[in-house]
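J.: Structure file start.cif (mmCIF, C-alpha atoms) is given on the next line.
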data_upload
#
loop_
_atom_site.label_atom_id
_atom_site.label_comp_id
_atom_site.auth_asym_id
_atom_site.auth_seq_id
_atom_site.Cartn_x
_atom_site.Cartn_y
_atom_site.Cartn_z
CA MET H 1 65.34 78.82 2.51
CA LYS H 2 61.73 79.02 3.70
CA HIS H 3 62.87 80.68 6.92
CA PHE H 4 64.84 83.25 4.94
CA LEU H 5 61.79 84.14 2.82
CA ILE H 6 59.59 84.46 5.92
CA TYR H 7 62.10 86.77 7.63
CA ALA H 8 62.40 88.85 4.47
CA LEU H 9 58.62 89.27 4.16
CA ALA H 10 58.36 90.17 7.85
CA ALA H 11 61.03 92.84 7.42
CA VAL H 12 59.21 94.37 4.43
CA LEU H 13 55.94 94.38 6.35
CA LEU H 14 57.55 96.06 9.36
CA VAL H 15 59.09 98.83 7.23
CA THR H 16 55.77 99.41 5.49
CA MET H 17 53.93 99.73 8.81
CA ILE H 18 56.49 102.21 10.12
CA GLY H 19 56.08 104.30 6.95
CA HIS H 20 52.28 104.38 7.29
CA PHE H 21 52.56 105.32 10.95
CA ALA H 22 54.94 108.19 10.15
CA ALA H 23 52.66 109.44 7.38
CA ALA H 24 49.65 109.40 9.71
CA LYS H 25 51.53 111.60 12.18
CA THR H 26 52.52 114.17 9.52
CA VAL H 27 50.15 117.15 8.98
CA ASP H 28 50.16 119.03 5.71
CA PRO H 29 50.40 122.72 6.69
CA ASP H 30 48.35 123.69 3.65
CA LEU H 31 45.39 121.75 5.06
CA THR H 32 45.54 123.45 8.44
CA ALA H 33 42.65 125.82 9.16
CA PRO H 34 43.44 129.56 9.04
CA LEU H 35 42.53 129.82 12.70
CA GLU H 36 45.05 127.13 13.65
CA ARG H 37 47.75 128.75 11.53
CA THR H 38 47.38 132.23 12.97
CA ALA H 39 46.64 131.54 16.63
CA VAL H 40 49.63 131.26 18.95
CA VAL H 41 49.33 128.06 21.00
CA ALA H 42 49.90 128.26 24.74
CA VAL H 43 53.18 126.59 25.78
CA GLN H 44 53.59 124.68 29.03
CA ALA H 45 56.08 126.43 31.33
CA GLN H 46 59.32 124.55 32.10
CA ASP H 47 58.67 124.68 35.85
CA GLY H 48 55.46 122.70 35.43
CA SER H 49 53.13 125.63 36.13
CA GLU H 50 49.98 126.26 34.10
CA ALA H 51 50.35 127.14 30.44
CA ALA H 52 50.68 130.81 29.51
CA GLU H 53 47.76 132.53 27.84
CA PRO H 54 47.86 132.71 24.01
CA SER H 55 49.53 135.92 22.81
CA VAL H 56 47.06 136.25 19.92
CA VAL H 57 43.31 136.41 20.57
CA MET H 58 40.95 135.40 17.79
CA LEU H 59 38.11 137.92 17.43
CA GLY H 60 35.19 137.55 15.04
CA LEU H 61 33.14 140.49 13.78
CA LEU H 62 29.67 139.88 12.35
CA GLN H 63 27.92 142.86 10.75
CA ALA H 64 24.43 142.80 9.30
CA GLU H 65 25.69 144.98 6.45
CA MET H 66 28.80 146.98 5.60
CA SER H 67 27.41 149.20 2.88
CA SER H 68 27.93 152.56 4.58
CA MET H 69 31.23 154.31 5.19
CA ASP H 70 30.46 154.37 8.90
CA ASP H 71 30.45 150.54 8.92
CA VAL H 72 33.89 150.62 7.29
CA TYR H 73 35.13 153.22 9.79
CA PHE H 74 33.95 150.98 12.64
CA ARG H 75 35.71 147.90 11.30
CA ASN H 76 38.98 149.70 10.57
CA SER H 77 38.97 151.50 13.92
CA LEU H 78 38.34 148.22 15.76
CA LYS H 79 41.24 146.50 14.02
CA GLU H 80 43.65 149.38 14.47
CA SER H 81 42.78 149.90 18.14
CA LEU H 82 43.13 146.20 19.02
CA GLY H 83 46.64 145.99 17.57
CA ASP H 84 48.78 142.94 16.84
CA SER H 85 47.68 140.98 19.90
CA PHE H 86 44.33 140.28 18.19
CA GLU H 87 43.56 138.45 14.96
CA VAL H 88 40.33 139.98 13.64
CA HIS H 89 38.14 138.21 11.08
CA CYS H 90 35.15 140.11 9.65
CA LEU H 91 32.13 138.54 8.01
CA GLU H 92 29.30 140.48 6.40
CA THR H 93 25.77 139.14 6.30
CA PRO H 94 22.91 140.39 4.12
CA GLU H 95 21.05 143.48 5.28
CA ASN H 96 18.44 141.33 7.05
CA GLY H 97 21.20 139.31 8.76
CA SER H 98 19.63 136.02 7.69
CA ASP H 99 22.93 134.09 7.70
CA GLN H 100 24.34 135.66 10.84
CA MET H 101 23.61 132.78 13.22
CA ALA H 102 25.23 130.24 10.87
CA MET H 103 28.36 132.41 10.63
CA PHE H 104 28.37 132.83 14.40
CA GLN H 105 28.29 129.07 14.88
CA LYS H 106 31.22 128.61 12.49
CA MET H 107 33.30 131.07 14.50
CA VAL H 108 32.37 129.23 17.69
CA ASP H 109 33.38 125.88 16.15
CA LYS H 110 36.75 127.31 15.11
CA GLY H 111 37.52 128.47 18.63
CA TYR H 112 37.12 132.26 18.47
CA GLN H 113 37.53 133.64 21.99
CA VAL H 114 35.68 136.94 21.33
CA ILE H 115 32.78 137.59 18.95
CA VAL H 116 31.28 141.02 18.20
CA VAL H 117 27.76 140.84 16.75
CA GLN H 118 25.83 143.68 15.15
CA LEU H 119 22.41 142.64 16.42
CA PHE H 120 19.59 143.17 13.92
CA ASP H 121 16.88 141.21 15.77
CA GLN H 122 16.51 141.52 19.55
CA ASP H 123 14.79 138.13 19.76
CA MET H 124 18.00 136.43 18.58
CA ALA H 125 20.05 137.74 21.52
CA GLU H 126 18.99 134.83 23.74
CA GLU H 127 20.30 132.21 21.30
CA TYR H 128 23.66 133.97 20.93
CA ILE H 129 24.00 134.19 24.70
CA ASP H 130 23.09 130.50 25.15
CA ILE H 131 25.96 129.46 22.90
CA ALA H 132 28.42 131.97 24.38
CA LEU H 133 27.62 130.73 27.90
CA GLU H 134 28.15 127.09 26.91
CA LYS H 135 31.46 127.75 25.14
CA GLY H 136 32.86 130.42 27.48
CA ILE H 137 33.03 133.09 24.77
CA THR H 138 33.28 136.83 25.37
CA LEU H 139 30.32 138.36 23.56
CA VAL H 140 29.80 142.02 22.59
CA PHE H 141 26.67 143.31 20.86
CA THR H 142 26.36 146.46 18.76
CA GLY H 143 23.38 147.55 16.67
CA LEU H 144 20.08 146.92 18.45
CA GLN H 145 20.26 146.71 22.23
CA PRO H 146 19.38 143.27 23.69
CA PRO H 147 16.55 143.03 26.26
CA GLN H 148 17.68 143.93 29.76
CA GLU H 149 16.86 140.49 31.19
CA GLN H 150 19.28 138.92 28.71
CA MET H 151 22.17 141.24 29.60
CA SER H 152 22.31 139.89 33.17
CA ARG H 153 22.73 136.24 32.16
CA MET H 154 26.52 136.12 31.75
CA GLU H 155 29.55 138.02 32.95
CA ASN H 156 31.53 138.62 29.74
CA LEU H 157 28.60 140.12 27.88
CA TYR H 158 28.34 143.82 26.95
CA TYR H 159 26.44 146.07 24.59
CA VAL H 160 28.08 149.09 22.93
CA GLY H 161 25.91 151.73 21.24
CA TYR H 162 25.44 155.44 20.80
CA SER H 163 24.13 157.69 23.54
CA SER H 164 20.80 159.31 22.89
CA SER H 165 21.15 163.03 22.28
CA ASN H 166 18.83 165.82 21.24
CA THR H 167 20.25 166.37 17.78
CA MET H 168 17.47 168.79 16.79
CA ARG H 169 18.27 170.94 19.83
CA GLN H 170 21.97 171.02 18.95
CA LEU H 171 21.17 171.70 15.29
CA ALA H 172 18.87 174.55 16.28
CA ASP H 173 21.55 176.03 18.54
CA ALA H 174 24.03 176.07 15.63
CA ILE H 175 21.50 177.72 13.31
CA ILE H 176 20.57 180.31 15.93
CA MET H 177 24.24 181.12 16.54
CA GLY H 178 24.85 181.64 12.81
CA TRP H 179 21.67 183.69 12.45
CA GLU H 180 22.59 185.99 15.33
CA ASN H 181 26.20 186.43 14.21
CA ASN H 182 25.44 187.04 10.54
CA GLN H 183 21.90 186.42 9.31
CA SER H 184 22.93 186.91 5.68
CA ASN H 185 24.98 183.70 5.87
CA LEU H 186 21.75 181.72 6.23
CA ASP H 187 18.91 183.85 4.93
CA LEU H 188 19.69 183.95 1.22
CA LYS H 189 16.37 185.70 0.46
CA PRO H 190 15.86 189.02 2.28
CA ASP H 191 12.52 188.07 3.86
CA ASP H 192 13.55 187.19 7.45
CA ARG H 193 12.35 183.64 6.85
CA LEU H 194 14.48 180.47 6.80
CA VAL H 195 13.45 177.63 4.48
CA TYR H 196 15.26 174.31 4.76
CA GLY H 197 15.25 171.01 2.91
CA VAL H 198 16.07 167.59 4.29
CA PHE H 199 17.91 164.56 2.89
CA THR H 200 17.08 161.73 5.27
CA LYS H 201 16.11 158.07 5.55
CA ASP H 202 13.18 159.01 7.81
CA ASP H 203 10.41 161.50 7.13
CA TYR H 204 11.00 164.60 9.32
CA THR H 205 7.26 165.25 9.53
CA GLU H 206 6.41 161.74 10.69
CA ASN H 207 9.27 161.33 13.21
CA GLY H 208 8.64 164.71 14.86
CA ASN H 209 11.93 166.35 13.87
CA GLU H 210 10.21 169.07 11.83
CA GLU H 211 8.02 170.12 14.75
CA ALA H 212 10.94 170.02 17.23
CA LEU H 213 13.34 172.01 15.03
CA ASN H 214 10.75 174.64 14.10
CA SER H 215 9.77 175.01 17.75
CA TYR H 216 13.37 175.60 18.89
CA LEU H 217 13.97 178.13 16.12
CA SER H 218 10.66 179.88 16.71
CA ALA H 219 11.53 180.37 20.39
CA ALA H 220 14.64 182.23 19.22
CA GLY H 221 12.61 184.46 16.92
CA ILE H 222 13.45 182.65 13.67
CA GLU H 223 10.57 181.86 11.33
CA ALA H 224 11.53 178.53 9.77
CA GLU H 225 9.70 176.04 7.61
CA LEU H 226 10.40 172.74 5.91
CA GLY H 227 10.37 173.29 2.16
CA LEU H 228 10.92 169.71 1.01
CA ASN H 229 11.69 166.39 2.67
CA ALA H 230 13.74 164.15 0.33
CA ILE H 231 13.56 160.52 1.47
CA THR H 232 16.79 158.87 0.28
CA GLN H 233 15.29 155.38 0.46
CA ALA H 234 12.36 156.30 -1.78
CA TYR H 235 11.83 154.48 -5.06
CA ASN H 236 13.62 156.12 -8.01
CA PHE H 237 15.46 158.53 -5.69
CA ASP H 238 17.60 160.93 -7.72
CA LEU H 239 19.93 163.23 -5.79
CA ARG H 240 20.26 166.03 -8.32
CA SER H 241 16.54 166.14 -8.97
CA GLU H 242 15.87 166.32 -5.23
CA VAL H 243 18.38 169.18 -4.80
CA ASP H 244 16.69 171.04 -7.65
CA ASP H 245 13.29 170.54 -6.01
CA ILE H 246 14.57 171.77 -2.63
CA LEU H 247 15.96 174.95 -4.20
CA TYR H 248 12.76 175.43 -6.23
CA ALA H 249 10.80 175.19 -2.94
CA GLY H 250 12.89 178.04 -1.57
CA GLY H 251 15.42 176.00 0.39
CA GLU H 252 18.35 178.01 1.79
CA MET H 253 19.92 175.21 3.81
CA ILE H 254 19.95 171.42 3.51
CA ILE H 255 19.98 168.99 6.46
CA CYS H 256 21.48 165.59 5.63
CA ASP H 257 21.97 162.41 7.69
CA SER H 258 24.63 160.91 5.39
CA SER H 259 28.11 162.29 4.76
CA SER H 260 28.22 160.45 1.44
CA TYR H 261 25.07 162.19 0.18
CA ALA H 262 26.26 165.49 1.70
CA ARG H 263 29.47 165.36 -0.32
CA GLN H 264 27.53 164.71 -3.53
CA ILE H 265 25.15 167.57 -2.74
CA SER H 266 28.08 169.91 -2.10
CA ASN H 267 29.82 168.96 -5.33
CA TYR H 268 26.59 169.56 -7.25
CA LEU H 269 25.91 172.93 -5.62
CA LEU H 270 29.47 174.16 -6.17
CA ASP H 271 29.39 173.36 -9.89
CA PRO H 272 29.43 176.82 -11.57
CA THR H 273 27.83 175.37 -14.69
CA GLU H 274 24.76 174.36 -12.66
CA PHE H 275 24.12 177.14 -10.13
CA THR H 276 24.61 180.83 -9.64
CA GLU H 277 26.98 182.14 -6.98
CA GLN H 278 24.02 182.96 -4.74
CA LEU H 279 22.59 179.43 -4.83
CA GLN H 280 26.06 178.00 -4.22
CA LYS H 281 25.81 179.54 -0.73
CA THR H 282 23.12 177.01 0.20
CA ARG H 283 24.32 175.65 3.54
CA ILE H 284 24.65 171.96 4.42
CA TYR H 285 24.12 170.67 7.96
CA LEU H 286 24.97 167.08 8.89
CA THR H 287 23.22 165.05 11.59
CA VAL H 288 26.11 162.58 11.61
CA ALA H 289 29.70 163.10 12.73
CA ASP H 290 31.81 160.50 10.96
CA GLU H 291 35.25 161.39 9.61
CA ALA H 292 33.87 162.48 6.24
CA ALA H 293 31.35 164.79 7.91
CA LEU H 294 34.01 166.35 10.12
CA GLU H 295 36.22 166.91 7.08
CA MET H 296 33.41 168.82 5.34
CA VAL H 297 33.04 171.09 8.38
CA ARG H 298 36.80 171.66 8.55
CA GLU H 299 36.93 172.69 4.90
CA GLY H 300 33.80 174.83 5.16
CA THR H 301 31.57 172.88 2.75
CA ALA H 302 29.30 171.94 5.68
CA MET H 303 28.28 174.17 8.58
CA PHE H 304 27.53 171.61 11.26
CA ALA H 305 28.08 167.95 12.20
CA CYS H 306 26.60 166.21 15.20
CA GLY H 307 26.68 162.60 16.40
CA ALA H 308 29.06 159.76 17.10
CA SER H 309 30.94 157.97 14.34
CA GLY H 310 31.98 154.41 13.57
CA ASN H 311 35.52 155.41 14.50
CA ASP H 312 34.37 156.21 18.03
CA LEU H 313 32.34 153.02 18.29
CA GLY H 314 35.16 150.80 17.02
CA ARG H 315 37.70 152.30 19.41
CA THR H 316 35.34 151.88 22.37
CA VAL H 317 34.62 148.23 21.53
CA ALA H 318 38.37 147.58 21.22
CA LEU H 319 39.15 149.10 24.62
CA LEU H 320 36.29 147.14 26.19
CA VAL H 321 37.45 143.84 24.68
CA GLN H 322 41.04 144.42 25.78
CA SER H 323 39.89 144.86 29.38
CA LEU H 324 37.70 141.75 29.27
CA VAL H 325 40.41 139.55 27.76
CA LYS H 326 42.82 140.61 30.51
CA GLY H 327 40.26 139.55 33.09
CA GLU H 328 39.76 143.14 34.24
CA GLN H 329 36.52 144.88 35.14
CA PRO H 330 35.99 147.58 32.47
CA THR H 331 35.82 151.12 33.82
CA GLU H 332 34.60 154.35 32.27
CA GLU H 333 38.11 155.78 32.61
CA ALA H 334 39.62 152.83 30.71
CA ILE H 335 37.23 152.81 27.76
CA GLY H 336 36.22 156.48 27.69
CA ALA H 337 32.48 155.86 27.70
CA THR H 338 29.59 155.54 30.13
CA ILE H 339 28.83 152.02 31.46
CA THR H 340 25.41 151.29 32.94
CA GLN H 341 24.61 148.73 35.64
CA ASN H 342 23.30 146.26 33.04
CA LYS H 343 26.63 146.45 31.14
CA CYS H 344 25.56 148.74 28.34
CA VAL H 345 28.23 151.14 27.06
CA TYR H 346 27.18 154.37 25.38
CA VAL H 347 29.47 156.40 23.12
CA THR H 348 28.73 160.10 23.47
CA SER H 349 28.12 162.26 20.43
CA GLN H 350 30.15 165.29 19.42
CA THR H 351 29.09 168.58 17.88
CA VAL H 352 31.24 170.60 15.48
CA THR H 353 30.34 173.91 13.86
CA ALA H 354 32.05 175.84 11.08
CA ASP H 355 33.80 179.13 11.73
CA LEU H 356 31.28 180.85 9.47
CA LEU H 357 28.60 180.32 12.13
CA SER H 358 30.67 181.16 15.19
CA GLU H 359 32.35 184.30 13.86
CA LYS H 360 30.38 187.50 14.26
CA ALA H 361 29.99 189.64 11.16
CA PRO H 362 32.02 192.91 11.29
CA GLU H 363 29.92 195.89 12.21
CA GLU H 364 29.25 198.33 9.39
CA GLU H 365 30.90 201.70 9.79
CA ALA H 366 28.54 204.55 10.49
CA GLU H 367 28.10 207.01 7.65
#
Show me, as structure tokens, the structure contained in the file I just sent.
T.:
Amino acid sequence: MKHFLIYALAAVLLVTMIGHFAAAKTVDPDLTAPLERTAVVAVQAQDGSEAAEPSVVMLGLLQAEMSSMDDVYFRNSLKESLGDSFEVHCLETPENGSDQMAMFQKMVDKGYQVIVVQLFDQDMAEEYIDIALEKGITLVFTGLQPPQEQMSRMENLYYVGYSSSNTMRQLADAIIMGWENNQSNLDLKPDDRLVYGVFTKDDYTENGNEEALNSYLSAAGIEAELGLNAITQAYNFDLRSEVDDILYAGGEMIICDSSSYARQISNYLLDPTEFTEQLQKTRIYLTVADEAALEMVREGTAMFACGASGNDLGRTVALLVQSLVKGEQPTEEAIGATITQNKCVYVTSQTVTADLLSEKAPEEEAE
């Protein structure tokens, strides 16, 4: 009888141990990390060769802020251009980027193969590169350009930014063209003098834009002057009040570096309850060329747009990353942008002008 009880207890113990062992080997799918759920794991080939590369690449995007539409355009363009072979996760840090390194480290710990960082502090580039080198991560910077000595430290490291262009020269050329084709489209007051206002984050007088623009226009025989410089980052900034002040100062055209502000200015100017038909002809020129700016030029509510947009930047980063992931050497033909020897990629700007500027006014019939 004792032997029977011992055998019975041993059997119960054995079954219990098997149950615990089975439970330990079972993973609750709800507890699996998002990265592990979405990534496609490489499968060992049947012939014993090396495992195939994962068909989905995990890419992390860290932006110092995503408050502007151009930031949104960049993110959406990057995702769309990469396609289904990439799983893109975006994280936004405060404007000063204070949490960016912590978020970067989390992406590294979760096994992201590619990380795109909008660099806000050049001194931090070295730390990012140290980690990327150790973990074998493909690293792409946007935003501020890292120091040149840092760019040469690893192979899969690139910077993508905008090419420098003389926006004031291009703006002046558009104004001159419109003035020569039909001066009345710009000079709302018959005094052969062009007064302009500016909506900008930076003071046109301090950054030299006022002097440059006036100089270009003066060389073409146009007397131009800055009537009012509205700093959009100023305390208690009020758009409508600033538009009123520009018009009161004699402004006949408004230069704006934000398509969002430009749209609000246009809507305000075109309100018949606010302004006369003559003042509604106040022209808007944009020193940015995102999709919203281009749309305003197409519809004729803006005369000019110049620059590169987040759409262009996102598409270029995507093409660059695709080449790097394939183990290919990126070429200018493949990504559609200039690549320097220190692996910096520059997206070129575009210039678009409205038909109102390019079309010559019909000659008046002789009496």
J.: What residues come out when you apply the PyMOL selection byres ((chain H and resi 74) around 8) to this file, written as a PyMOL selection string?
T.: chain H and resi 70-73+75-78+309-315
J.: Could you state which residues are captured by the PyMOL selection byres ((chain H and resi 114) around 10) in this file, as a list in words?
T.: Val57, Met58, Leu59, Gly60, Leu61, Phe86, Val88, Met107, Val108, Gly111, Tyr112, Gln113, Ile115, Val116, Val117, Ala132, Gly136, Ile137, Thr138, Leu139, Val140, Asn156, Val321, Leu324 and Val325 of chain H
J.: Given the choices H:Glu252, H:Pro190, H:Gln322, H:Leu356, which gets closest to Val56 (chain H) if the distance is worked out from all atoms listed in the file?
T.: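 Result for the nearest residue to Val56 (chain H): H:Gln322.
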J.: Given all atoms listed in the file as the basis, pick out the residue of H:Leu217, H:Leu226, H:Ala354, H:Leu286 nearest to Asp173 (chain H).
T.: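 Closest residue, counting all atoms listed in the file: H:Leu217.
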J.: Can you measure CA of Phe275 (chain H) to CA of Ile176 (chain H) for me? One decimal in Å is fine.
T.: 26.5 Å
J.: Give as a ChimeraX atom specification the residues that the PyMOL selection byres ((chain H and resi 162) around 7) matches when applied to the coordinates above.
T.: /H:161,163-164,308,346-348
J.: Rank nothing, just name the residue among H:Cys90, H:Leu157, H:Val317, H:Ala292 nearest to Arg263 (chain H), using all atoms listed in the file.
T.: H:Ala292
J.: Please provide as a PyMOL selection string all residues within 8 Å of Ala293 (chain H), with the sequence filter that same-chain residues fewer than 6 positions apart are discarded (counting all atoms listed in the file).
T.: chain H and resi 259+286+302+305
J.: Would you mind reading off the distance between CA of Glu242 (chain H) and CA of Asn267 (chain H), one decimal, in Å?
T.: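 Rounded to one decimal, the two atoms are 14.2 Å apart.
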J.: Give the answer as one residue: which of H:Asn342, H:Asn207, H:Ser258, H:Asn182 has the shortest atom-to-atom distance to Lys360 (chain H), using only C-alpha atoms?
T.: H:Asn182
J.: Quick one, how far is CA of Ser358 (chain H) from CA of Ala174 (chain H)?
T.: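 Computed distance, CA of Ser358 (chain H) to CA of Ala174 (chain H), equals 8.4 Å.
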J.: Return the single residue from H:Leu82, H:Leu188, H:Ile265, H:Met151 that is closest to Glu277 (chain H), with distances computed using only C-alpha atoms.
T.: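 Checking each of H:Leu82, H:Leu188, H:Ile265, H:Met151 against Glu277 (chain H), counting only C-alpha atoms, the winner is H:Leu188.
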J.: Quick one: residues within 12 Å of Ala102 (chain H), all atoms listed in the file, excluding same-chain residues fewer than 4 positions away - as a list of chain:residue names?
T.: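 Listing them by chain and then by number gives H:Leu62, H:Leu91, H:Glu92, H:Thr93, H:Gly97, H:Ser98, H:Lys106, H:Met107, H:Val108, H:Asp109, H:Glu127, H:Tyr128.
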